[in-house]
>>> print(open('final.csv').read())   # CSV, C-alpha atoms (C1' of nucleotides)
chain,number,residue,atom,x,y,z
A,249,MET,CA,11.2,14.8,8.1
A,250,LYS,CA,7.9,16.5,8.7
A,251,THR,CA,5.8,17.5,5.7
A,252,ASP,CA,4.7,21.2,6.0
A,253,LYS,CA,1.3,22.0,7.3
A,254,SER,CA,-0.2,23.4,4.1
A,255,GLU,CA,0.9,20.3,2.1
A,256,ILE,CA,-0.7,18.1,4.7
A,257,GLU,CA,-3.9,20.0,4.4
A,258,ARG,CA,-3.8,19.7,0.7
A,259,ARG,CA,-3.3,15.9,1.0
A,260,MET,CA,-6.1,15.5,3.5
A,261,THR,CA,-8.5,17.4,1.2
A,262,ARG,CA,-7.6,15.3,-1.8
A,263,PHE,CA,-8.0,12.2,0.4
A,264,GLU,CA,-11.6,13.2,1.2
A,265,GLN,CA,-12.4,14.0,-2.4
A,266,VAL,CA,-11.0,10.7,-3.7
A,267,CYS,CA,-12.8,8.7,-1.1
A,268,ARG,CA,-16.1,10.3,-1.8
A,269,SER,CA,-15.9,9.9,-5.5
A,270,ALA,CA,-14.9,6.3,-5.1
A,271,ASP,CA,-17.7,5.6,-2.7
A,272,VAL,CA,-15.4,4.6,0.0
A,273,LYS,CA,-16.5,5.5,3.5
A,274,LEU,CA,-14.6,8.2,5.4
A,275,THR,CA,-14.0,6.5,8.7
A,276,HIS,CA,-12.1,7.9,11.6
A,277,GLN,CA,-9.5,5.2,11.3
A,278,ARG,CA,-8.9,5.7,7.5
A,279,MET,CA,-8.5,9.4,8.1
A,280,GLU,CA,-5.9,9.0,10.8
A,281,ILE,CA,-4.1,6.3,8.9
A,282,PHE,CA,-3.8,8.5,5.9
A,283,ARG,CA,-2.8,11.4,8.0
A,284,GLU,CA,0.0,9.4,9.5
A,285,VAL,CA,1.5,8.6,6.1
A,286,ALA,CA,0.8,12.1,4.8
A,287,GLN,CA,2.5,13.9,7.6
A,288,THR,CA,5.8,12.1,7.5
A,289,GLY,CA,8.4,12.0,4.7
A,290,ASP,CA,9.9,8.8,6.2
A,291,HIS,CA,8.2,6.2,4.1
A,292,PRO,CA,6.9,4.2,7.1
A,293,ASP,CA,6.1,0.5,7.1
A,294,ALA,CA,2.7,-0.7,8.3
A,295,GLU,CA,3.9,-1.3,11.9
A,296,THR,CA,5.2,2.2,12.2
A,297,VAL,CA,2.0,3.7,10.8
A,298,TYR,CA,0.1,1.5,13.3
A,299,ARG,CA,2.2,2.8,16.3
A,300,GLY,CA,1.7,6.4,15.2
A,301,VAL,CA,-2.1,6.1,14.7
A,302,ARG,CA,-2.5,4.3,18.0
A,303,THR,CA,-1.5,7.3,19.9
A,304,ARG,CA,-4.6,9.1,18.5
A,305,VAL,CA,-6.9,6.1,18.0
A,306,PRO,CA,-5.9,3.6,20.7
A,307,THR,CA,-8.3,0.9,19.6
A,308,VAL,CA,-7.2,0.7,16.0
A,309,SER,CA,-5.9,-2.7,14.9
A,310,LEU,CA,-2.9,-3.6,12.8
A,311,ASP,CA,-5.0,-5.4,10.2
A,312,THR,CA,-7.2,-2.3,9.8
A,313,VAL,CA,-4.0,-0.4,9.1
A,314,TYR,CA,-3.0,-2.9,6.4
A,315,ARG,CA,-6.4,-2.9,4.9
A,316,ALA,CA,-6.5,0.9,4.8
A,317,LEU,CA,-3.0,1.2,3.4
A,318,TRP,CA,-3.7,-1.1,0.5
A,319,LEU,CA,-7.0,0.7,-0.1
A,320,LEU,CA,-5.2,4.0,-0.2
A,321,SER,CA,-2.7,2.6,-2.6
A,322,ASP,CA,-5.5,1.2,-4.8
A,323,LEU,CA,-7.1,4.7,-4.8
A,324,GLY,CA,-3.8,6.2,-5.9
A,325,LEU,CA,-3.5,8.2,-2.7
A,326,ILE,CA,-0.3,6.7,-1.7
A,327,THR,CA,2.4,4.6,-3.4
A,328,THR,CA,4.4,1.6,-2.1
A,329,LEU,CA,8.1,1.0,-2.1
A,330,GLY,CA,9.6,-2.3,-1.2
A,331,SER,CA,13.1,-2.6,-2.5
A,332,SER,CA,15.9,-3.9,-0.5
A,333,ARG,CA,15.7,-6.6,2.1
A,334,GLU,CA,12.8,-5.0,4.0
A,335,ARG,CA,9.1,-4.8,4.6
A,336,MET,CA,6.8,-2.8,2.4
A,337,ARG,CA,6.8,0.9,2.9
A,338,PHE,CA,4.3,3.6,2.1
A,339,ASP,CA,4.6,7.1,0.7
A,340,ALA,CA,2.1,9.9,0.4
A,341,ASN,CA,4.3,12.1,-1.8
A,342,LEU,CA,2.6,11.9,-5.1
A,343,SER,CA,4.6,14.6,-6.9
A,344,ARG,CA,7.2,13.4,-9.3
A,345,HIS,CA,10.2,12.4,-7.2
A,346,HIS,CA,13.0,9.9,-6.8
A,347,HIS,CA,14.5,8.0,-3.9
A,348,PHE,CA,17.9,7.8,-2.2
A,349,VAL,CA,18.1,4.5,-0.4
A,350,CYS,CA,20.8,3.7,2.1
A,351,LEU,CA,22.3,0.3,1.6
A,352,ARG,CA,23.3,0.0,5.2
A,353,CYS,CA,20.3,1.2,7.2
A,354,GLY,CA,17.5,1.4,4.7
A,355,LEU,CA,16.9,5.1,5.1
A,356,THR,CA,14.9,6.3,2.2
A,357,ARG,CA,14.7,10.0,1.3
A,358,ASP,CA,13.0,11.8,-1.5
A,359,PHE,CA,14.9,14.0,-3.9
A,360,TYR,CA,13.9,15.9,-7.0
A,361,SER,CA,15.6,16.3,-10.4
A,362,ASP,CA,14.3,18.0,-13.5
A,363,ALA,CA,16.9,16.2,-15.5
A,364,PHE,CA,15.6,12.9,-14.3
A,365,ASP,CA,12.0,13.8,-14.9
A,366,GLU,CA,12.7,14.8,-18.5
A,367,LEU,CA,14.4,11.6,-19.4
A,368,LYS,CA,13.5,10.0,-22.7
A,369,LEU,CA,13.1,6.3,-22.6
A,370,PRO,CA,14.8,4.2,-25.2
A,371,GLN,CA,12.7,3.1,-28.1
A,372,SER,CA,13.4,-0.5,-27.4
A,373,ILE,CA,11.3,-0.4,-24.3
A,374,ARG,CA,8.2,-0.2,-26.4
A,375,ALA,CA,8.6,-3.8,-27.3
A,376,ILE,CA,8.1,-4.7,-23.6
A,377,GLY,CA,5.2,-2.5,-22.8
A,378,ARG,CA,3.8,1.0,-22.3
A,379,VAL,CA,5.5,3.0,-19.6
A,380,GLU,CA,3.4,5.2,-17.4
A,381,THR,CA,6.0,6.6,-15.1
A,382,THR,CA,9.7,6.3,-14.3
A,383,HIS,CA,11.4,6.6,-11.0
A,384,VAL,CA,15.1,6.7,-10.2
A,385,GLU,CA,16.6,4.9,-7.3
A,386,ALA,CA,19.9,6.2,-6.0
A,387,LEU,CA,21.6,3.5,-3.9
A,388,GLY,CA,24.4,4.5,-1.5
A,389,VAL,CA,25.4,5.2,2.0
A,390,CYS,CA,23.7,7.9,4.1
A,391,ARG,CA,25.6,10.5,6.1
A,392,LYS,CA,24.9,8.8,9.4
A,393,CYS,CA,26.0,5.4,8.3
A,394,ALA,CA,29.1,6.8,6.6
A,395,LYS,CA,30.1,8.2,10.0
A,396,THR,CA,29.4,5.3,12.2
A,397,ASN,CA,30.9,2.5,10.1
A,398,ARG,CA,33.4,2.6,7.3
A,399,ALA,CA,33.2,-1.0,6.4
A,400,LYS,CA,32.0,-2.2,2.9
A,401,PRO,CA,28.3,-2.1,2.7
A,402,THR,CA,27.0,-5.6,3.3
A,403,THR,CA,23.5,-7.0,3.2
A,404,MET,CA,21.3,-5.5,5.9
A,405,LYS,CA,20.3,-8.0,8.5
A,406,ARG,CA,16.6,-8.6,8.6
A,407,LYS,CA,15.1,-7.1,11.8
B,13,MET,CA,14.1,-14.9,-21.5
B,14,LYS,CA,17.1,-17.1,-21.7
B,15,THR,CA,20.5,-15.6,-21.2
B,16,ASP,CA,22.9,-16.7,-24.0
B,17,LYS,CA,25.4,-19.5,-23.5
B,18,SER,CA,28.6,-17.5,-23.5
B,19,GLU,CA,27.2,-15.1,-20.9
B,20,ILE,CA,26.2,-17.9,-18.6
B,21,GLU,CA,29.7,-19.4,-18.9
B,22,ARG,CA,31.2,-16.0,-18.0
B,23,ARG,CA,28.9,-15.8,-15.0
B,24,MET,CA,29.7,-19.3,-13.8
B,25,THR,CA,33.4,-18.6,-14.1
B,26,ARG,CA,33.1,-15.4,-12.0
B,27,PHE,CA,31.0,-17.3,-9.5
B,28,GLU,CA,33.8,-19.8,-9.0
B,29,GLN,CA,36.4,-17.1,-8.7
B,30,VAL,CA,34.5,-15.0,-6.2
B,31,CYS,CA,33.6,-18.0,-4.1
B,32,ARG,CA,37.2,-19.2,-3.9
B,33,SER,CA,38.6,-15.8,-3.1
B,34,ALA,CA,36.0,-15.4,-0.4
B,35,ASP,CA,36.7,-18.8,1.1
B,36,VAL,CA,33.2,-20.0,0.4
B,37,LYS,CA,32.8,-23.6,-0.4
B,38,LEU,CA,31.8,-24.5,-4.0
B,39,THR,CA,29.1,-27.0,-3.3
B,40,HIS,CA,26.9,-28.7,-5.9
B,41,GLN,CA,23.8,-27.0,-4.5
B,42,ARG,CA,25.3,-23.5,-4.6
B,43,MET,CA,26.5,-24.0,-8.1
B,44,GLU,CA,23.1,-25.1,-9.4
B,45,ILE,CA,21.3,-22.4,-7.5
B,46,PHE,CA,23.5,-19.7,-9.0
B,47,ARG,CA,23.2,-21.3,-12.4
B,48,GLU,CA,19.4,-21.2,-12.1
B,49,VAL,CA,19.5,-17.4,-11.5
B,50,ALA,CA,22.3,-16.8,-14.1
B,51,GLN,CA,20.5,-18.6,-16.8
B,52,THR,CA,17.2,-16.7,-16.7
B,53,GLY,CA,16.4,-13.1,-17.3
B,54,ASP,CA,13.2,-13.4,-15.4
B,55,HIS,CA,14.3,-12.2,-11.9
B,56,PRO,CA,12.9,-15.3,-10.2
B,57,ASP,CA,11.8,-15.5,-6.6
B,58,ALA,CA,13.3,-18.1,-4.2
B,59,GLU,CA,10.4,-20.5,-4.8
B,60,THR,CA,10.9,-20.4,-8.5
B,61,VAL,CA,14.7,-20.9,-8.2
B,62,TYR,CA,13.9,-23.8,-5.9
B,63,ARG,CA,11.6,-25.5,-8.4
B,64,GLY,CA,14.1,-25.0,-11.2
B,65,VAL,CA,17.0,-26.4,-9.2
B,66,ARG,CA,15.0,-29.4,-7.9
B,67,THR,CA,14.7,-30.8,-11.5
B,68,ARG,CA,18.5,-31.2,-11.4
B,69,VAL,CA,19.1,-31.7,-7.6
B,70,PRO,CA,16.0,-33.4,-6.4
B,71,THR,CA,17.1,-33.4,-2.7
B,72,VAL,CA,17.8,-29.6,-2.5
B,73,SER,CA,15.7,-27.9,0.2
B,74,LEU,CA,14.1,-24.5,0.1
B,75,ASP,CA,16.0,-23.2,3.0
B,76,THR,CA,19.3,-24.0,1.3
B,77,VAL,CA,18.1,-22.0,-1.7
B,78,TYR,CA,17.4,-19.0,0.6
B,79,ARG,CA,20.7,-19.3,2.3
B,80,ALA,CA,22.5,-19.6,-1.0
B,81,LEU,CA,20.7,-16.6,-2.6
B,82,TRP,CA,21.5,-14.3,0.3
B,83,LEU,CA,25.1,-15.5,0.3
B,84,LEU,CA,25.4,-14.8,-3.4
B,85,SER,CA,23.9,-11.4,-2.8
B,86,ASP,CA,26.4,-10.7,0.0
B,87,LEU,CA,29.2,-11.8,-2.4
B,88,GLY,CA,27.9,-9.3,-5.0
B,89,LEU,CA,27.2,-12.1,-7.5
B,90,ILE,CA,23.5,-11.3,-7.7
B,91,THR,CA,21.3,-8.4,-6.8
B,92,THR,CA,17.9,-8.3,-5.2
B,93,LEU,CA,14.8,-6.5,-6.3
B,94,GLY,CA,11.7,-6.3,-4.2
B,95,SER,CA,9.5,-3.4,-5.3
B,96,SER,CA,5.8,-3.7,-5.7
B,97,ARG,CA,3.5,-6.0,-3.8
B,98,GLU,CA,5.5,-9.1,-4.2
B,99,ARG,CA,8.2,-11.4,-2.8
B,100,MET,CA,11.9,-10.8,-3.1
B,101,ARG,CA,13.3,-11.5,-6.5
B,102,PHE,CA,16.9,-12.2,-7.6
B,103,ASP,CA,18.9,-11.0,-10.6
B,104,ALA,CA,22.3,-12.2,-11.9
B,105,ASN,CA,22.6,-9.4,-14.4
B,106,LEU,CA,25.4,-7.3,-13.0
B,107,SER,CA,25.9,-5.0,-15.9
B,108,ARG,CA,24.4,-1.5,-15.6
B,109,HIS,CA,20.8,-1.9,-16.4
B,110,HIS,CA,17.3,-0.7,-15.6
B,111,HIS,CA,13.9,-2.3,-15.0
B,112,PHE,CA,10.6,-2.2,-16.7
B,113,VAL,CA,8.0,-3.4,-14.2
B,114,CYS,CA,4.4,-4.3,-15.2
B,115,LEU,CA,2.0,-2.8,-12.7
B,116,ARG,CA,-0.6,-5.5,-13.5
B,117,CYS,CA,1.3,-8.8,-13.5
B,118,GLY,CA,4.7,-7.9,-12.0
B,119,LEU,CA,6.7,-8.9,-15.1
B,120,THR,CA,10.1,-7.4,-14.7
B,121,ARG,CA,12.4,-7.0,-17.7
B,122,ASP,CA,15.8,-5.4,-18.1
B,123,PHE,CA,16.5,-2.6,-20.4
B,124,TYR,CA,19.5,-0.5,-21.2
B,125,SER,CA,20.0,3.2,-21.8
B,126,ASP,CA,23.2,5.1,-22.1
B,127,ALA,CA,21.3,8.3,-21.4
B,128,PHE,CA,20.2,6.9,-18.0
B,129,ASP,CA,23.6,5.6,-17.2
B,130,GLU,CA,25.2,9.0,-17.7
B,131,LEU,CA,22.7,10.9,-15.5
B,132,LYS,CA,24.2,13.5,-13.3
B,133,LEU,CA,22.7,13.5,-9.8
B,134,PRO,CA,21.5,16.8,-8.3
B,135,GLN,CA,24.0,18.5,-5.9
B,136,SER,CA,21.3,18.4,-3.2
B,137,ILE,CA,21.6,14.7,-2.9
B,138,ARG,CA,25.0,15.0,-1.3
B,139,ALA,CA,23.4,16.3,1.9
B,140,ILE,CA,21.7,12.9,2.2
B,141,GLY,CA,24.6,10.6,1.5
B,142,ARG,CA,27.1,9.3,-1.0
B,143,VAL,CA,25.5,7.6,-4.0
B,144,GLU,CA,27.1,4.4,-5.3
B,145,THR,CA,24.8,3.5,-8.2
B,146,THR,CA,21.5,4.6,-9.7
B,147,HIS,CA,18.9,2.5,-11.3
B,148,VAL,CA,15.8,3.6,-13.2
B,149,GLU,CA,12.4,1.9,-12.7
B,150,ALA,CA,10.0,2.3,-15.5
B,151,LEU,CA,6.5,1.4,-14.3
B,152,GLY,CA,3.8,0.6,-16.9
B,153,VAL,CA,1.8,-2.1,-18.5
B,154,CYS,CA,3.4,-5.0,-20.4
B,155,ARG,CA,2.2,-6.0,-23.9
B,156,LYS,CA,0.4,-9.1,-22.7
B,157,CYS,CA,-1.5,-7.3,-19.9
B,158,ALA,CA,-2.4,-4.5,-22.3
B,159,LYS,CA,-4.0,-7.1,-24.6
B,160,THR,CA,-5.9,-9.1,-22.0
B,161,ASN,CA,-7.4,-6.4,-19.9
B,162,ARG,CA,-7.9,-2.7,-20.8
B,163,ALA,CA,-9.1,-1.7,-17.3
B,164,LYS,CA,-7.1,0.9,-15.3
B,165,PRO,CA,-4.2,-0.7,-13.6
B,166,THR,CA,-5.0,-1.6,-10.0
B,167,THR,CA,-3.0,-3.2,-7.3
B,168,MET,CA,-1.9,-6.7,-8.0
B,169,LYS,CA,-3.5,-9.3,-5.9
B,170,ARG,CA,-1.0,-11.2,-3.8
B,171,LYS,CA,-0.4,-14.7,-5.1
C,56,DT,C1',-31.4,1.2,7.5
C,57,DT,C1',-27.7,-1.3,5.5
C,58,DA,C1',-23.7,-2.3,3.1
C,59,DG,C1',-19.3,-1.5,4.0
C,60,DG,C1',-15.7,-1.2,7.8
C,61,DT,C1',-13.6,-2.7,12.1
C,62,DG,C1',-11.4,-5.5,15.8
C,63,DC,C1',-10.2,-9.9,17.2
C,64,DA,C1',-8.1,-14.1,16.7
C,65,DA,C1',-6.7,-17.5,13.8
C,66,DA,C1',-4.6,-18.7,9.4
C,67,DT,C1',-1.3,-18.1,5.5
C,68,DT,C1',2.8,-17.0,3.3
C,69,DC,C1',7.4,-16.1,3.1
C,70,DT,C1',11.7,-16.6,5.3
C,71,DT,C1',14.9,-18.0,9.0
C,72,DT,C1',16.9,-21.1,12.6
C,73,DG,C1',18.6,-25.2,15.5
C,74,DC,C1',20.6,-29.3,15.1
C,75,DA,C1',22.6,-33.6,13.6
C,76,DC,C1',24.8,-35.4,9.6
C,77,DC,C1',27.5,-34.7,5.3
C,78,DC,C1',31.1,-33.1,2.0
C,79,DT,C1',34.5,-29.7,0.2
C,80,DG,C1',39.0,-28.1,0.7
D,89,DC,C1',39.7,-34.7,9.0
D,90,DA,C1',37.8,-30.1,10.3
D,91,DG,C1',34.7,-26.7,9.7
D,92,DG,C1',31.6,-25.0,6.9
D,93,DG,C1',27.2,-26.6,4.4
D,94,DT,C1',22.9,-29.1,4.0
D,95,DG,C1',18.3,-31.1,4.9
D,96,DC,C1',14.7,-31.5,8.0
D,97,DA,C1',11.4,-29.8,10.9
D,98,DA,C1',10.0,-26.3,13.6
D,99,DA,C1',10.0,-21.3,14.7
D,100,DG,C1',9.3,-16.5,13.4
D,101,DA,C1',7.8,-12.4,11.1
D,102,DA,C1',4.8,-10.0,8.0
D,103,DT,C1',0.5,-9.9,6.1
D,104,DT,C1',-4.2,-11.7,5.3
D,105,DT,C1',-8.8,-13.6,6.3
D,106,DG,C1',-13.4,-15.2,8.6
D,107,DC,C1',-16.7,-13.6,11.4
D,108,DA,C1',-19.7,-11.0,14.4
D,109,DC,C1',-20.4,-6.4,15.7
D,110,DC,C1',-20.4,-1.4,14.5
D,111,DT,C1',-21.1,3.0,12.0
D,112,DA,C1',-21.0,6.4,8.0
D,113,DA,C1',-24.0,7.6,4.5
>>> encode(input="final.csv", output="C-alpha cells")
Amino acid sequence: MKTDKSEIERRMTRFEQVCRSADVKLTHQRMEIFREVAQTGDHPDAETVYRGVRTRVPTVSLDTVYRALWLLSDLGLITTLGSSRERMRFDANLSRHHHFVCLRCGLTRDFYSDAFDELKLPQSIRAIGRVETTHVEALGVCRKCAKTNRAKPTTMKRK
Amino acid sequence: MKTDKSEIERRMTRFEQVCRSADVKLTHQRMEIFREVAQTGDHPDAETVYRGVRTRVPTVSLDTVYRALWLLSDLGLITTLGSSRERMRFDANLSRHHHFVCLRCGLTRDFYSDAFDELKLPQSIRAIGRVETTHVEALGVCRKCAKTNRAKPTTMKRK
DNA sequence: TTAGGTGCAAATTCTTTGCACCCTG
DNA sequence: CAGGGTGCAAAGAATTTGCACCTAA
C-alpha cells in the first residue's frame, strides 16, 4: 500500500508550507515522522510509525513520535482513526475518502465513492450541530481473513 | 438522552434471551451493566457505566464492568465506538443508525437516514473484502460548543 | 541567541489478569 | 454442587509529562 511518489512530494510540500505558516519548527524528526505516515496507505499506529522512522533516524524516541503525530493532527496535516478495539491510527490521506475496516484483523483500507460524497444529511441533524464532514465506514471481512477462517466474526483480541 | 421505557424493556428481554441461548449466566451485575448502557443514548465509556451501575450495585468492580461490556459486545448485544482521541464507548442501539460526533467535546449522538441506509457501495470495494454493514460518521461542532467557543475546532485535550 | 523541540525516564490512564471465594443454573 | 462469574489487587499496554539539553530560525 505505497502512496505514489508524486503524491508523497505533494504532501511533503504542503507539510512544509503548513508548518511554516503555523510557526512550527521544521525539525528532522517531524519531517521523517510525517513522511512515514504520508508514504503509506496503511493507517499506521504510533508504534509502527516509530519503527519505520527509526530505520532512518535511529535516535528518535517514541514520545517524540506521539508529540509529532498529535501536532500534525492539530495542524490538519493528518487525521486520526480509532474505531474498533484497537490503538489510535493515523492517516495522511486528506482527500475525501471512506474506510473499509476488517472486523477480524483490523485492516483498514481507503475507498472512494462519489455517491457517498454527495450524500445529503437529514434536516434533523441540524438540531444536534453543524456538520463539517461526513465519512462512511464499511465494516466487513477482508479477503485474507475470509480465506483463512470461515467462523463468525468475533471480537478481535487485543494485542 | 434517555431511551424510552418500552425500548428498554425490549432490550432487556433480548438480553435475557441471548444470554440464555449462549449459555451465559444471567448475573445481577451483568443485568445492571447492560441496563445502564441500554437506558442511555449517550454512548458511555466503561468508567461512566461503572459509576452508573454503582449507584444500584455498590459492590460492583470496574473490571467486572469491562468484562461484561466486552462480553455483551461479543454476544452482539452492544456495539463499540472508539473514534477520535478518546476512550472506548459502548452503544446498545442496534437498529441501523449513524453518528454525529462533535470535534470539540466528543459528544456523540445517533441519527437516522433512509438515504444513508440504502447506499450502494462501489464495486471496487469487493476487491478489499465483503462488507457486512456501513455506518456514516458526521463530524462537526455541536450546538453547545458552537455557542461557547467560536474558535476553529482543534484537537480535543485528553481528559 | 532563544524559544521551541527532543530524548530520557518516570508517571498516568485505561484495560486486563490471576486467584480465591461466590452464586446461577 | 459445579463451573462460570466476581472482587480485589496487581500487572500490562498505550500514551503523556517533567526536565535538562539541543537546535532551527
>>> interface_residues(input="final.csv", of="chain A", to="chain B", cutoff="6 Å", atoms="all atoms listed in the file", output="PDB file with C-alpha atoms, keeping the file's coordinate frame")
ATOM      1  CA  ASP A 322      -5.500   1.200  -4.800  1.00  0.00           C
ATOM      2  CA  LEU A 329       8.100   1.000  -2.100  1.00  0.00           C
ATOM      3  CA  GLY A 330       9.600  -2.300  -1.200  1.00  0.00           C
ATOM      4  CA  SER A 331      13.100  -2.600  -2.500  1.00  0.00           C
ATOM      5  CA  ILE A 376       8.100  -4.700 -23.600  1.00  0.00           C
ATOM      6  CA  GLY A 377       5.200  -2.500 -22.800  1.00  0.00           C
ATOM      7  CA  ARG A 378       3.800   1.000 -22.300  1.00  0.00           C
ATOM      8  CA  VAL A 379       5.500   3.000 -19.600  1.00  0.00           C
ATOM      9  CA  GLU A 380       3.400   5.200 -17.400  1.00  0.00           C
ATOM     10  CA  THR A 381       6.000   6.600 -15.100  1.00  0.00           C
ATOM     11  CA  THR A 382       9.700   6.300 -14.300  1.00  0.00           C
ATOM     12  CA  HIS A 383      11.400   6.600 -11.000  1.00  0.00           C
ATOM     13  CA  VAL A 384      15.100   6.700 -10.200  1.00  0.00           C
ATOM     14  CA  GLU A 385      16.600   4.900  -7.300  1.00  0.00           C
ATOM     15  CA  ALA A 386      19.900   6.200  -6.000  1.00  0.00           C
ATOM     16  CA  LEU A 387      21.600   3.500  -3.900  1.00  0.00           C
ATOM     17  CA  GLY A 388      24.400   4.500  -1.500  1.00  0.00           C
ATOM     18  CA  VAL A 389      25.400   5.200   2.000  1.00  0.00           C
ATOM     19  CA  CYS A 390      23.700   7.900   4.100  1.00  0.00           C
ATOM     20  CA  ARG A 391      25.600  10.500   6.100  1.00  0.00           C
ATOM     21  CA  THR A 403      23.500  -7.000   3.200  1.00  0.00           C
TER      22      THR A 403
END
>>> interface_residues(input="final.csv", of="chain D", to="chain A", cutoff="8 Å", atoms="all atoms listed in the file", output="ChimeraX atom specification")
/D:102-103,112-113
>>> atom_distance(input="final.csv", atom1="CA of Arg302 in chain A", atom2="C1' of DT67 in chain C")
25.7 Å
>>> closest_residue(input="final.csv", among="B:Arg22, B:Arg32, B:His109, B:His55", to="chain C", atoms="all atoms listed in the file")
B:Arg32
>>> closest_residue(input="final.csv", among="B:Leu84, B:Val30, B:Ile20, B:Val77", to="chain C", atoms="all atoms listed in the file")
B:Val77
